[in-house]
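Undergrad: Below is the file input_21.tsv, with TSV, C-alpha atoms and all ligand atoms.
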chain	number	residue	atom	x	y	z
A	1	MET	CA	-82.05	-51.88	46.81
A	2	ALA	CA	-84.25	-54.21	44.73
A	3	MET	CA	-86.16	-51.13	43.63
A	4	GLU	CA	-83.04	-49.52	42.16
A	5	LEU	CA	-82.27	-52.60	40.08
A	6	GLU	CA	-85.83	-52.93	38.85
A	7	GLU	CA	-85.90	-49.32	37.75
A	8	PHE	CA	-82.58	-49.73	35.97
A	9	LEU	CA	-83.74	-52.84	34.13
A	10	SER	CA	-87.00	-51.27	33.09
A	11	THR	CA	-85.27	-48.14	31.75
A	12	LEU	CA	-82.88	-50.39	29.87
A	13	GLU	CA	-85.71	-52.41	28.35
A	14	LYS	CA	-87.58	-49.30	27.26
A	15	LEU	CA	-84.47	-47.77	25.76
A	16	ALA	CA	-83.70	-50.89	23.73
A	17	ASP	CA	-87.32	-51.06	22.47
A	18	GLN	CA	-87.26	-47.40	21.56
A	19	ALA	CA	-83.89	-47.69	19.81
A	20	GLU	CA	-85.08	-50.66	17.76
A	21	GLN	CA	-88.14	-48.73	16.62
A	22	THR	CA	-86.15	-45.60	15.81
A	23	PHE	CA	-83.56	-47.46	13.72
A	24	ALA	CA	-86.30	-49.43	11.97
A	25	ALA	CA	-88.08	-46.16	11.10
A	26	ALA	CA	-84.94	-44.26	9.97
A	27	ALA	CA	-85.72	-43.07	6.45
A	28	ASP	CA	-82.30	-41.84	5.42
A	29	ALA	CA	-78.70	-41.42	6.46
A	30	ASP	CA	-79.44	-38.26	8.49
A	31	HIS	CA	-82.06	-40.00	10.61
A	32	PHE	CA	-79.78	-42.95	11.04
A	33	GLU	CA	-76.92	-40.76	12.23
A	34	ALA	CA	-79.15	-38.85	14.66
A	35	ALA	CA	-80.35	-42.15	16.17
A	36	ARG	CA	-76.81	-43.46	16.43
A	37	VAL	CA	-75.69	-40.35	18.35
A	38	GLN	CA	-78.78	-40.48	20.58
A	39	TYR	CA	-78.42	-44.11	21.63
A	40	VAL	CA	-74.80	-45.15	21.29
A	41	GLY	CA	-72.94	-41.85	20.87
A	42	ALA	CA	-69.58	-42.13	22.61
A	43	ARG	CA	-70.01	-38.97	24.68
A	44	SER	CA	-73.64	-38.42	25.55
A	45	GLY	CA	-75.47	-41.41	24.10
A	46	GLN	CA	-78.20	-42.84	26.34
A	47	MET	CA	-76.42	-46.16	26.65
A	48	LYS	CA	-73.44	-44.29	28.00
A	49	THR	CA	-75.62	-42.71	30.67
A	50	LEU	CA	-77.00	-46.12	31.63
A	51	GLN	CA	-73.50	-47.51	31.82
A	52	LYS	CA	-72.70	-44.83	34.40
A	53	GLN	CA	-75.88	-45.72	36.32
A	54	LEU	CA	-74.76	-49.34	36.42
A	55	GLY	CA	-71.68	-48.20	38.29
A	56	ALA	CA	-73.89	-46.58	40.92
A	57	LEU	CA	-75.94	-49.77	41.57
A	58	PRO	CA	-75.30	-51.71	44.78
A	59	LYS	CA	-72.60	-54.32	44.43
A	60	GLU	CA	-74.93	-57.36	44.50
A	61	ALA	CA	-77.15	-55.84	41.75
A	62	LYS	CA	-74.25	-55.24	39.37
A	63	PRO	CA	-73.92	-58.75	37.80
A	64	VAL	CA	-77.56	-58.81	36.74
A	65	GLY	CA	-77.49	-55.16	35.68
A	66	GLY	CA	-74.31	-55.69	33.66
A	67	LYS	CA	-75.68	-58.75	31.90
A	68	LYS	CA	-78.88	-56.96	30.93
A	69	LEU	CA	-76.92	-53.88	29.81
A	70	ASN	CA	-74.90	-56.10	27.43
A	71	GLU	CA	-78.06	-57.69	26.09
A	72	ALA	CA	-79.58	-54.26	25.41
A	73	LYS	CA	-76.35	-53.18	23.69
A	74	SER	CA	-76.48	-56.23	21.42
A	75	ARG	CA	-80.10	-55.53	20.49
A	76	ILE	CA	-79.34	-51.92	19.64
A	77	GLN	CA	-76.24	-52.93	17.70
A	78	ALA	CA	-78.26	-55.44	15.66
A	79	ALA	CA	-80.99	-52.88	14.95
A	80	MET	CA	-78.34	-50.40	13.85
A	81	GLU	CA	-76.70	-52.87	11.49
A	82	THR	CA	-80.01	-53.83	9.90
A	83	ALA	CA	-80.87	-50.17	9.32
A	84	GLY	CA	-77.37	-49.45	8.00
A	85	ASP	CA	-77.63	-52.26	5.44
A	86	ARG	CA	-81.08	-51.12	4.40
A	87	LEU	CA	-80.02	-47.51	3.87
A	88	LYS	CA	-76.59	-47.91	2.32
A	89	PRO	CA	-77.34	-48.62	-1.34
A	90	SER	CA	-79.89	-45.86	-1.74
A	91	THR	CA	-78.28	-43.07	0.30
A	92	ALA	CA	-75.62	-42.18	-2.28
A	93	GLY	CA	-78.14	-41.68	-5.05
A	94	LYS	CA	-80.57	-39.84	-2.84
A	95	GLN	CA	-78.01	-37.48	-1.41
A	96	SER	CA	-76.36	-36.49	-4.67
A	97	GLY	CA	-79.54	-36.58	-6.71
A	98	ILE	CA	-77.73	-38.65	-9.37
A	99	VAL	CA	-79.73	-41.47	-10.80
A	100	LEU	CA	-77.93	-43.67	-13.29
A	101	ASP	CA	-79.75	-43.87	-16.60
A	102	PRO	CA	-77.83	-46.28	-18.84
A	103	THR	CA	-79.95	-45.33	-21.86
A	104	LEU	CA	-78.60	-41.74	-22.00
A	105	PRO	CA	-76.10	-41.00	-24.82
A	106	GLY	CA	-72.43	-40.84	-23.70
A	107	THR	CA	-70.62	-37.55	-23.19
A	108	ARG	CA	-67.29	-36.98	-24.91
A	109	ARG	CA	-64.28	-36.34	-22.71
A	110	HIS	CA	-60.90	-34.97	-23.80
A	111	LEU	CA	-58.39	-37.46	-22.54
A	112	GLY	CA	-54.62	-37.01	-22.65
A	113	ARG	CA	-52.80	-38.29	-25.71
A	114	THR	CA	-49.25	-38.91	-26.83
A	115	HIS	CA	-47.19	-35.90	-27.89
A	116	PRO	CA	-46.77	-35.45	-31.67
A	117	ILE	CA	-43.02	-36.08	-31.38
A	118	THR	CA	-43.69	-39.36	-29.57
A	119	GLN	CA	-46.27	-40.26	-32.22
A	120	THR	CA	-43.70	-39.49	-34.92
A	121	ILE	CA	-41.05	-41.62	-33.21
A	122	GLU	CA	-43.43	-44.58	-33.04
A	123	HIS	CA	-44.40	-44.11	-36.70
A	124	LEU	CA	-40.75	-43.93	-37.85
A	125	LYS	CA	-39.90	-47.07	-35.89
A	126	GLU	CA	-42.80	-48.85	-37.52
A	127	ILE	CA	-41.72	-47.89	-41.06
A	128	MET	CA	-38.08	-48.75	-40.46
A	129	GLY	CA	-39.13	-52.02	-38.81
A	130	ARG	CA	-40.82	-52.99	-42.06
A	131	LEU	CA	-37.52	-52.28	-43.84
A	132	GLY	CA	-35.76	-54.68	-41.46
A	133	PHE	CA	-34.10	-52.24	-39.02
A	134	ALA	CA	-34.05	-53.15	-35.29
A	135	VAL	CA	-34.39	-50.42	-32.65
A	136	VAL	CA	-31.50	-49.81	-30.22
A	137	GLU	CA	-30.91	-47.22	-27.48
A	138	GLY	CA	-27.94	-45.10	-26.49
A	139	PRO	CA	-27.12	-42.65	-23.68
A	140	GLU	CA	-27.71	-38.89	-23.92
A	141	VAL	CA	-24.65	-38.05	-21.81
A	142	GLU	CA	-21.67	-39.08	-23.89
A	143	ASP	CA	-17.89	-39.02	-23.83
A	144	THR	CA	-15.74	-37.40	-26.48
A	145	TRP	CA	-14.66	-40.81	-27.83
A	146	HIS	CA	-18.18	-41.77	-28.93
A	147	ASN	CA	-19.33	-38.27	-29.92
A	148	PHE	CA	-16.16	-37.30	-31.82
A	149	VAL	CA	-12.97	-39.37	-31.84
A	150	ALA	CA	-14.36	-42.69	-33.05
A	151	LEU	CA	-16.39	-40.75	-35.63
A	152	ASN	CA	-13.17	-39.46	-37.16
A	153	ILE	CA	-13.53	-35.99	-35.61
A	154	PRO	CA	-10.05	-35.23	-34.21
A	155	GLU	CA	-9.19	-32.95	-31.29
A	156	ASP	CA	-8.68	-29.80	-33.35
A	157	HIS	CA	-11.86	-30.19	-35.41
A	158	PRO	CA	-14.25	-27.17	-35.26
A	159	ALA	CA	-17.22	-29.48	-34.55
A	160	ARG	CA	-15.76	-29.95	-31.05
A	161	ASP	CA	-15.87	-26.24	-30.27
A	162	PRO	CA	-17.31	-25.49	-26.79
A	163	LEU	CA	-19.53	-22.90	-28.44
A	164	ASP	CA	-21.19	-25.63	-30.52
A	165	ASN	CA	-21.67	-28.21	-27.79
A	166	PHE	CA	-23.05	-28.62	-24.28
A	167	TYR	CA	-20.02	-29.88	-22.35
A	168	LEU	CA	-20.58	-30.94	-18.76
A	169	SER	CA	-18.45	-28.75	-16.55
A	170	VAL	CA	-15.57	-30.25	-14.63
A	171	ALA	CA	-14.36	-28.48	-11.48
A	172	GLY	CA	-11.20	-26.48	-12.09
A	173	GLN	CA	-11.25	-26.77	-15.89
A	174	SER	CA	-12.31	-24.18	-18.46
A	175	ALA	CA	-14.72	-25.13	-21.25
A	176	VAL	CA	-11.83	-25.18	-23.73
A	177	ASP	CA	-9.81	-27.67	-21.62
A	178	VAL	CA	-12.87	-29.78	-21.18
A	179	SER	CA	-13.55	-30.03	-24.89
A	180	ALA	CA	-9.96	-30.87	-25.74
A	181	HIS	CA	-9.52	-33.78	-23.32
A	182	GLU	CA	-11.56	-36.77	-22.35
A	183	ALA	CA	-14.77	-35.10	-21.31
A	184	GLN	CA	-18.49	-35.59	-21.13
A	185	LEU	CA	-21.16	-33.71	-23.04
A	186	LEU	CA	-24.82	-33.92	-23.97
A	187	ARG	CA	-24.56	-35.79	-27.27
A	188	SER	CA	-24.76	-33.51	-30.30
A	189	GLN	CA	-25.81	-36.32	-32.65
A	190	THR	CA	-27.15	-39.85	-32.46
A	191	SER	CA	-24.18	-41.08	-34.53
A	192	THR	CA	-22.67	-41.95	-31.12
A	193	VAL	CA	-24.96	-44.99	-31.09
A	194	GLN	CA	-23.40	-46.35	-34.30
A	195	ILE	CA	-20.10	-46.57	-32.45
A	196	ARG	CA	-21.59	-48.14	-29.33
A	197	ILE	CA	-23.33	-50.83	-31.37
A	198	MET	CA	-20.37	-51.66	-33.61
A	199	GLU	CA	-18.03	-51.83	-30.58
A	200	ASN	CA	-20.26	-54.49	-29.09
A	201	LYS	CA	-21.51	-56.51	-32.04
A	202	ALA	CA	-19.90	-58.24	-34.97
A	203	PRO	CA	-21.35	-57.45	-38.43
A	204	PRO	CA	-23.93	-57.65	-39.95
A	205	VAL	CA	-25.67	-54.68	-38.26
A	206	ARG	CA	-28.97	-53.16	-39.29
A	207	ILE	CA	-30.27	-50.79	-36.65
A	208	ILE	CA	-31.98	-47.49	-35.99
A	209	SER	CA	-31.79	-45.41	-32.82
A	210	LEU	CA	-34.06	-42.52	-31.97
A	211	GLY	CA	-33.48	-39.99	-29.24
A	212	ARG	CA	-32.71	-36.47	-28.11
A	213	VAL	CA	-29.63	-34.53	-29.12
A	214	TYR	CA	-28.46	-31.14	-27.88
A	215	ARG	CA	-26.79	-28.20	-29.62
A	216	PRO	CA	-26.56	-24.52	-28.66
A	217	ASP	CA	-28.39	-23.49	-31.87
A	218	PRO	CA	-30.46	-20.31	-31.54
A	219	PRO	CA	-34.14	-21.26	-31.95
A	220	ASP	CA	-35.84	-20.33	-35.23
A	221	ARG	CA	-38.49	-21.89	-37.49
A	222	THR	CA	-36.41	-25.01	-38.18
A	223	HIS	CA	-33.89	-25.11	-35.30
A	224	PHE	CA	-34.19	-25.80	-31.59
A	225	PRO	CA	-31.40	-26.40	-29.03
A	226	VAL	CA	-32.83	-29.82	-28.21
A	227	PHE	CA	-34.30	-32.01	-30.91
A	228	HIS	CA	-34.55	-35.67	-31.91
A	229	GLN	CA	-32.66	-37.63	-34.50
A	230	MET	CA	-33.18	-41.04	-36.02
A	231	GLU	CA	-29.84	-42.68	-36.66
A	232	GLY	CA	-29.66	-45.59	-39.08
A	233	LEU	CA	-26.80	-47.98	-39.72
A	234	TRP	CA	-26.50	-50.91	-42.10
A	235	ILE	CA	-23.24	-52.83	-42.24
A	236	ASP	CA	-22.75	-56.02	-44.20
A	237	THR	CA	-20.38	-57.56	-46.70
A	238	ASP	CA	-21.68	-55.66	-49.70
A	239	VAL	CA	-23.72	-52.55	-48.88
A	240	ASN	CA	-23.57	-49.67	-51.35
A	241	MET	CA	-24.67	-46.09	-51.99
A	242	ALA	CA	-27.55	-47.14	-54.27
A	243	GLN	CA	-29.07	-49.08	-51.36
A	244	LEU	CA	-28.68	-46.04	-49.12
A	245	LYS	CA	-30.61	-43.90	-51.58
A	246	SER	CA	-33.29	-46.57	-51.99
A	247	VAL	CA	-33.80	-46.97	-48.24
A	248	LEU	CA	-34.03	-43.19	-47.67
A	249	THR	CA	-36.38	-42.74	-50.62
A	250	LEU	CA	-38.61	-45.60	-49.50
A	251	PHE	CA	-38.63	-44.23	-45.98
A	252	ALA	CA	-39.42	-40.64	-47.06
A	253	THR	CA	-42.26	-41.64	-49.36
A	254	SER	CA	-43.73	-43.95	-46.70
A	255	TYR	CA	-43.69	-41.22	-44.10
A	256	LEU	CA	-44.25	-38.03	-46.11
A	257	GLY	CA	-46.43	-39.46	-48.91
A	258	GLU	CA	-45.94	-41.05	-52.32
A	259	ASP	CA	-45.97	-37.67	-54.06
A	260	VAL	CA	-43.24	-36.03	-51.94
A	261	SER	CA	-40.25	-34.65	-53.86
A	262	ILE	CA	-36.90	-35.44	-52.29
A	263	ARG	CA	-33.37	-34.67	-53.40
A	264	PHE	CA	-29.83	-35.64	-52.38
A	265	ARG	CA	-27.03	-33.06	-52.31
A	266	PRO	CA	-23.32	-33.88	-52.05
A	267	SER	CA	-22.07	-32.97	-48.59
A	268	PHE	CA	-19.35	-33.70	-46.05
A	269	PHE	CA	-19.29	-35.54	-42.73
A	270	PRO	CA	-16.00	-36.71	-41.19
A	271	PHE	CA	-17.48	-40.16	-40.57
A	272	THR	CA	-18.91	-40.90	-44.04
A	273	GLU	CA	-17.41	-40.86	-47.52
A	274	PRO	CA	-19.10	-40.07	-49.84
A	275	SER	CA	-21.69	-38.02	-47.92
A	276	VAL	CA	-25.03	-36.50	-48.85
A	277	GLU	CA	-27.68	-34.32	-47.36
A	278	ALA	CA	-31.34	-35.06	-48.06
A	279	ASP	CA	-34.12	-32.49	-48.52
A	280	PHE	CA	-37.87	-32.71	-49.09
A	281	LEU	CA	-39.92	-30.08	-50.88
A	282	TRP	CA	-42.42	-28.37	-48.63
A	283	ASN	CA	-44.53	-25.34	-49.62
A	284	GLY	CA	-42.14	-24.54	-52.46
A	285	GLU	CA	-39.09	-24.68	-50.17
A	286	TRP	CA	-36.45	-27.42	-49.81
A	287	VAL	CA	-36.22	-28.51	-46.16
A	288	GLU	CA	-33.15	-30.47	-45.09
A	289	PHE	CA	-34.20	-33.54	-43.12
A	290	GLY	CA	-30.97	-35.45	-42.72
A	291	GLY	CA	-27.37	-36.32	-43.48
A	292	ALA	CA	-26.09	-39.68	-44.70
A	293	GLY	CA	-23.25	-41.50	-46.41
A	294	MET	CA	-21.09	-44.58	-46.69
A	295	VAL	CA	-19.36	-45.27	-43.36
A	296	ASP	CA	-15.75	-44.05	-43.55
A	297	PRO	CA	-13.14	-46.87	-43.33
A	298	HIS	CA	-11.49	-45.00	-40.41
A	299	VAL	CA	-14.66	-45.44	-38.39
A	300	LEU	CA	-14.87	-49.14	-39.23
A	301	THR	CA	-11.26	-49.55	-38.11
A	302	ALA	CA	-11.87	-47.57	-34.88
A	303	VAL	CA	-14.52	-50.08	-33.79
A	304	GLY	CA	-12.47	-53.12	-34.81
A	305	TYR	CA	-14.23	-53.94	-38.11
A	306	ASP	CA	-12.24	-54.80	-41.23
A	307	PRO	CA	-12.99	-52.23	-43.98
A	308	GLU	CA	-11.68	-54.74	-46.53
A	309	THR	CA	-14.48	-57.21	-45.79
A	310	VAL	CA	-17.43	-55.07	-44.67
A	311	SER	CA	-18.99	-51.82	-45.83
A	312	GLY	CA	-22.11	-49.93	-44.89
A	313	PHE	CA	-24.10	-46.78	-44.81
A	314	ALA	CA	-25.39	-44.52	-42.04
A	315	PHE	CA	-27.87	-41.72	-41.82
A	316	GLY	CA	-29.09	-39.22	-39.20
A	317	LEU	CA	-32.50	-37.62	-39.74
A	318	GLY	CA	-34.20	-34.74	-37.91
A	319	VAL	CA	-37.37	-36.14	-36.33
A	320	GLU	CA	-39.03	-32.73	-35.76
A	321	ARG	CA	-38.42	-31.68	-39.38
A	322	LEU	CA	-40.08	-34.89	-40.60
A	323	CYS	CA	-43.04	-34.41	-38.26
A	324	MET	CA	-43.39	-30.81	-39.51
A	325	GLY	CA	-43.39	-31.97	-43.14
A	326	ARG	CA	-46.03	-34.62	-42.58
A	327	HIS	CA	-48.37	-32.52	-40.45
A	328	GLY	CA	-47.81	-29.10	-42.00
A	329	VAL	CA	-46.26	-27.53	-38.88
A	330	GLY	CA	-44.58	-24.29	-39.95
A	331	ASP	CA	-42.50	-23.65	-36.83
A	332	ILE	CA	-40.49	-26.23	-34.86
A	333	ARG	CA	-41.00	-24.18	-31.67
A	334	ASP	CA	-44.69	-25.16	-31.69
A	335	LEU	CA	-43.59	-28.73	-31.02
A	336	TRP	CA	-41.83	-27.64	-27.84
A	337	ARG	CA	-44.25	-25.04	-26.44
A	338	ASN	CA	-46.76	-27.63	-25.25
A	339	ASP	CA	-49.74	-25.38	-25.89
A	340	LEU	CA	-52.71	-27.73	-25.49
A	341	ARG	CA	-54.64	-26.00	-28.29
A	342	PHE	CA	-51.82	-27.04	-30.64
A	343	LEU	CA	-51.31	-30.52	-29.18
A	344	HIS	CA	-55.02	-31.39	-29.35
A	345	GLN	CA	-54.83	-31.29	-33.12
A	346	PHE	CA	-52.73	-34.48	-33.24
B	1	LIG	C1	-25.72	-34.97	-38.29
B	1	LIG	O1	-26.10	-34.76	-37.14
B	1	LIG	C2	-25.07	-36.25	-38.67
B	1	LIG	N1	-24.77	-37.01	-37.49
B	1	LIG	C3	-25.98	-37.02	-39.62
B	1	LIG	C4	-25.34	-38.20	-40.23
B	1	LIG	C5	-25.49	-39.45	-39.64
B	1	LIG	C6	-24.56	-38.08	-41.38
B	1	LIG	C7	-24.88	-40.55	-40.20
B	1	LIG	C8	-23.96	-39.16	-41.94
B	1	LIG	C9	-24.11	-40.41	-41.35
B	1	LIG	P1	-26.66	-32.71	-39.20
B	1	LIG	O2	-25.93	-31.84	-38.27
B	1	LIG	O3	-26.81	-32.23	-40.59
B	1	LIG	O4	-26.01	-34.15	-39.29
B	1	LIG	O5	-28.09	-33.02	-38.58
B	1	LIG	C10	-28.95	-33.96	-39.17
B	1	LIG	C11	-30.38	-33.43	-39.19
B	1	LIG	O6	-30.79	-33.03	-37.88
B	1	LIG	C12	-30.55	-32.16	-40.02
B	1	LIG	O7	-30.69	-32.48	-41.37
B	1	LIG	C13	-31.84	-31.61	-39.44
B	1	LIG	O8	-32.95	-32.28	-39.98
B	1	LIG	C14	-31.71	-31.97	-37.99
B	1	LIG	N2	-31.23	-30.83	-37.19
B	1	LIG	C15	-29.97	-30.36	-37.08
B	1	LIG	N3	-29.90	-29.33	-36.23
B	1	LIG	C16	-31.15	-29.11	-35.78
B	1	LIG	C17	-31.76	-28.21	-34.84
B	1	LIG	N4	-31.05	-27.32	-34.17
B	1	LIG	N5	-33.09	-28.29	-34.62
B	1	LIG	C18	-33.82	-29.22	-35.27
B	1	LIG	N6	-33.33	-30.12	-36.12
B	1	LIG	C19	-32.01	-30.07	-36.39
Can you dump the structure from the file as structure tokens?
Ligand code: FA5
TA:
Amino acid sequence: MAMELEEFLSTLEKLADQAEQTFAAAADADHFEAARVQYVGARSGQMKTLQKQLGALPKEAKPVGGKKLNEAKSRIQAAMETAGDRLKPSTAGKQSGIVLDPTLPGTRRHLGRTHPITQTIEHLKEIMGRLGFAVVEGPEVEDTWHNFVALNIPEDHPARDPLDNFYLSVAGQSAVDVSAHEAQLLRSQTSTVQIRIMENKAPPVRIISLGRVYRPDPPDRTHFPVFHQMEGLWIDTDVNMAQLKSVLTLFATSYLGEDVSIRFRPSFFPFTEPSVEADFLWNGEWVEFGGAGMVDPHVLTAVGYDPETVSGFAFGLGVERLCMGRHGVGDIRDLWRNDLRFLHQF
């Protein structure tokens, strides 16, 4: 009986000695792992085998055997931790073969960047900010009041045609019914935001709003069914057409360059009177970049302003057309294709 215990203790002692030496000699992570499996592996590690032998010892030998087994375990555990700490920092470098040399020159990486339309929007906000215009937001899904009625576009006006707008369908109603009554649509112009602001704020107002608008226009070089507009609105006690032209000219020369030629043509919008359209000269061609005018008294009345005491101007500019003019983009569709070879140029 005493023999069995002695043998057990001696095997245990030898195993712990051997394990300590092996872990101390482990040169890399592979050696370390092999030693771990050999000594403390959960299935067939040698400590596991000794644990089973402990169970086979006579009852009175078990307390001593168990105590010594725990001591051996602690020794092996400590040896393993020491080896693990020693090997950790160097194993990564050794395994991958990568050695950090901070003196090497850096390598250039192509990171993502903001889309040219987003860059343009930020640039336009910055220019208009310098001219004293605050940025406001408005929803893309609109009702017919904000997109048409309050803008002096009555029910029978051709601008409300279902063929010219993206109405949101309503169960049981045809597109024609939908357009004629109180309905929702993807806004066709950012002029909706003028109404939303004036409904909620007493004059003076001096804002811009930039965002997407939607129209079923067939795509070509200068048209796309979704595009961005920058709306501007300035209402105060004495705002006039000369100021409108000055602001648009200052804006256009800031964004497109001092030498850009721009012109104003008489035009018509139901919500401004008088109205103009503005063009810039690009590659020998006049490109229309926006509409503008003095806010019609009907619109001022619709939002609860008094046209006898306040006046103002508004404008709506095509963001893509401006971006094209500044960067020499010949086709608006390039701004929507998201071809990385094109986008990387900005
Ligand atoms: C309007 O949308 C008016 N709301 C502008 C306005 C605002 C007038 C305030 C008066 C007072 P228009 O439909 O002309 O106007 O569009 C304005 C600009 O949006 C155009 O000059 C053009 O630059 C741009 N645009 C129009 N349709 C498209 C399209 N399909 N794709 C790209 N840009 C477009």
Undergrad: Show me, as AutoDock Vina command-line options, the centre and edge lengths in Å to one decimal of the axis-aligned box that covers every listed atom of ligand LIG 1 (chain B) with 3 Å on each side.
TA:
--center_x -28.9 --center_y -33.9 --center_z -38.1 --size_x 15.9 --size_y 19.2 --size_z 13.8
Undergrad: With only C-alpha atoms as the basis for distance, which of A:Phe313, A:Tyr214, A:Phe289, A:Phe23 is at the shortest distance from A:Met241?
TA: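 Of A:Phe313, A:Tyr214, A:Phe289, A:Phe23, the one nearest A:Met241 is A:Phe313, counting only C-alpha atoms.
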Undergrad: I'd like a table as JSON lines: residues in chain A with an atom no more than 9 Å from ligand LIG 1 (chain B), each row giving the shortest atom pair and its distance in Å to one decimal, only C-alpha atoms and all ligand atoms counted, sorted by chain and rising residue number.
TA:
{"residue": "A:Ser188", "atom": "CA", "partner": "B:LIG1", "partner_atom": "O1", "distance": 7.1}
{"residue": "A:Gln189", "atom": "CA", "partner": "B:LIG1", "partner_atom": "O1", "distance": 4.8}
{"residue": "A:Thr190", "atom": "CA", "partner": "B:LIG1", "partner_atom": "N1", "distance": 6.2}
{"residue": "A:Ser191", "atom": "CA", "partner": "B:LIG1", "partner_atom": "N1", "distance": 5.1}
{"residue": "A:Thr192", "atom": "CA", "partner": "B:LIG1", "partner_atom": "N1", "distance": 8.3}
{"residue": "A:Gln194", "atom": "CA", "partner": "B:LIG1", "partner_atom": "C7", "distance": 8.4}
{"residue": "A:Val213", "atom": "CA", "partner": "B:LIG1", "partner_atom": "C16", "distance": 8.7}
{"residue": "A:Tyr214", "atom": "CA", "partner": "B:LIG1", "partner_atom": "N4", "distance": 7.8}
{"residue": "A:Arg215", "atom": "CA", "partner": "B:LIG1", "partner_atom": "N4", "distance": 6.3}
{"residue": "A:Pro216", "atom": "CA", "partner": "B:LIG1", "partner_atom": "N4", "distance": 7.6}
{"residue": "A:Asp217", "atom": "CA", "partner": "B:LIG1", "partner_atom": "N4", "distance": 5.2}
{"residue": "A:Pro218", "atom": "CA", "partner": "B:LIG1", "partner_atom": "N4", "distance": 7.5}
{"residue": "A:Pro219", "atom": "CA", "partner": "B:LIG1", "partner_atom": "N4", "distance": 7.2}
{"residue": "A:Asp220", "atom": "CA", "partner": "B:LIG1", "partner_atom": "N5", "distance": 8.4}
{"residue": "A:Arg221", "atom": "CA", "partner": "B:LIG1", "partner_atom": "N5", "distance": 8.9}
{"residue": "A:Thr222", "atom": "CA", "partner": "B:LIG1", "partner_atom": "C18", "distance": 5.7}
{"residue": "A:His223", "atom": "CA", "partner": "B:LIG1", "partner_atom": "N5", "distance": 3.3}
{"residue": "A:Phe224", "atom": "CA", "partner": "B:LIG1", "partner_atom": "N5", "distance": 4.1}
{"residue": "A:Pro225", "atom": "CA", "partner": "B:LIG1", "partner_atom": "N4", "distance": 5.2}
{"residue": "A:Val226", "atom": "CA", "partner": "B:LIG1", "partner_atom": "N5", "distance": 6.6}
{"residue": "A:Phe227", "atom": "CA", "partner": "B:LIG1", "partner_atom": "C18", "distance": 5.2}
{"residue": "A:His228", "atom": "CA", "partner": "B:LIG1", "partner_atom": "N6", "distance": 7.1}
{"residue": "A:Gln229", "atom": "CA", "partner": "B:LIG1", "partner_atom": "O6", "distance": 6.0}
{"residue": "A:Met230", "atom": "CA", "partner": "B:LIG1", "partner_atom": "O6", "distance": 8.6}
{"residue": "A:Glu231", "atom": "CA", "partner": "B:LIG1", "partner_atom": "C5", "distance": 6.2}
{"residue": "A:Gly232", "atom": "CA", "partner": "B:LIG1", "partner_atom": "C7", "distance": 7.0}
{"residue": "A:Leu233", "atom": "CA", "partner": "B:LIG1", "partner_atom": "C7", "distance": 7.7}
{"residue": "A:Phe268", "atom": "CA", "partner": "B:LIG1", "partner_atom": "C8", "distance": 8.2}
{"residue": "A:Phe269", "atom": "CA", "partner": "B:LIG1", "partner_atom": "C8", "distance": 6.0}
{"residue": "A:Pro270", "atom": "CA", "partner": "B:LIG1", "partner_atom": "C8", "distance": 8.4}
{"residue": "A:Phe271", "atom": "CA", "partner": "B:LIG1", "partner_atom": "C9", "distance": 6.7}
{"residue": "A:Thr272", "atom": "CA", "partner": "B:LIG1", "partner_atom": "C8", "distance": 5.7}
{"residue": "A:Glu273", "atom": "CA", "partner": "B:LIG1", "partner_atom": "C8", "distance": 8.8}
{"residue": "A:Ser275", "atom": "CA", "partner": "B:LIG1", "partner_atom": "C8", "distance": 6.5}
{"residue": "A:Val276", "atom": "CA", "partner": "B:LIG1", "partner_atom": "C8", "distance": 7.5}
{"residue": "A:Glu277", "atom": "CA", "partner": "B:LIG1", "partner_atom": "O7", "distance": 7.0}
{"residue": "A:Ala278", "atom": "CA", "partner": "B:LIG1", "partner_atom": "O7", "distance": 7.2}
{"residue": "A:Asp279", "atom": "CA", "partner": "B:LIG1", "partner_atom": "O7", "distance": 7.9}
{"residue": "A:Val287", "atom": "CA", "partner": "B:LIG1", "partner_atom": "O8", "distance": 7.9}
{"residue": "A:Glu288", "atom": "CA", "partner": "B:LIG1", "partner_atom": "O7", "distance": 4.9}
{"residue": "A:Phe289", "atom": "CA", "partner": "B:LIG1", "partner_atom": "O8", "distance": 3.6}
{"residue": "A:Gly290", "atom": "CA", "partner": "B:LIG1", "partner_atom": "O7", "distance": 3.3}
{"residue": "A:Gly291", "atom": "CA", "partner": "B:LIG1", "partner_atom": "C6", "distance": 3.9}
{"residue": "A:Ala292", "atom": "CA", "partner": "B:LIG1", "partner_atom": "C8", "distance": 3.5}
{"residue": "A:Gly293", "atom": "CA", "partner": "B:LIG1", "partner_atom": "C8", "distance": 5.1}
{"residue": "A:Met294", "atom": "CA", "partner": "B:LIG1", "partner_atom": "C9", "distance": 7.4}
{"residue": "A:Val295", "atom": "CA", "partner": "B:LIG1", "partner_atom": "C9", "distance": 7.1}
{"residue": "A:Phe313", "atom": "CA", "partner": "B:LIG1", "partner_atom": "C9", "distance": 7.2}
{"residue": "A:Ala314", "atom": "CA", "partner": "B:LIG1", "partner_atom": "C9", "distance": 4.4}
{"residue": "A:Phe315", "atom": "CA", "partner": "B:LIG1", "partner_atom": "C7", "distance": 3.6}
{"residue": "A:Gly316", "atom": "CA", "partner": "B:LIG1", "partner_atom": "C5", "distance": 3.6}
{"residue": "A:Leu317", "atom": "CA", "partner": "B:LIG1", "partner_atom": "C11", "distance": 4.7}
{"residue": "A:Gly318", "atom": "CA", "partner": "B:LIG1", "partner_atom": "O8", "distance": 3.4}
{"residue": "A:Val319", "atom": "CA", "partner": "B:LIG1", "partner_atom": "O8", "distance": 6.9}
{"residue": "A:Glu320", "atom": "CA", "partner": "B:LIG1", "partner_atom": "N6", "distance": 6.3}
{"residue": "A:Arg321", "atom": "CA", "partner": "B:LIG1", "partner_atom": "O8", "distance": 5.5}
{"residue": "A:Leu322", "atom": "CA", "partner": "B:LIG1", "partner_atom": "O8", "distance": 7.6}
{"residue": "A:Ile332", "atom": "CA", "partner": "B:LIG1", "partner_atom": "C18", "distance": 7.3}
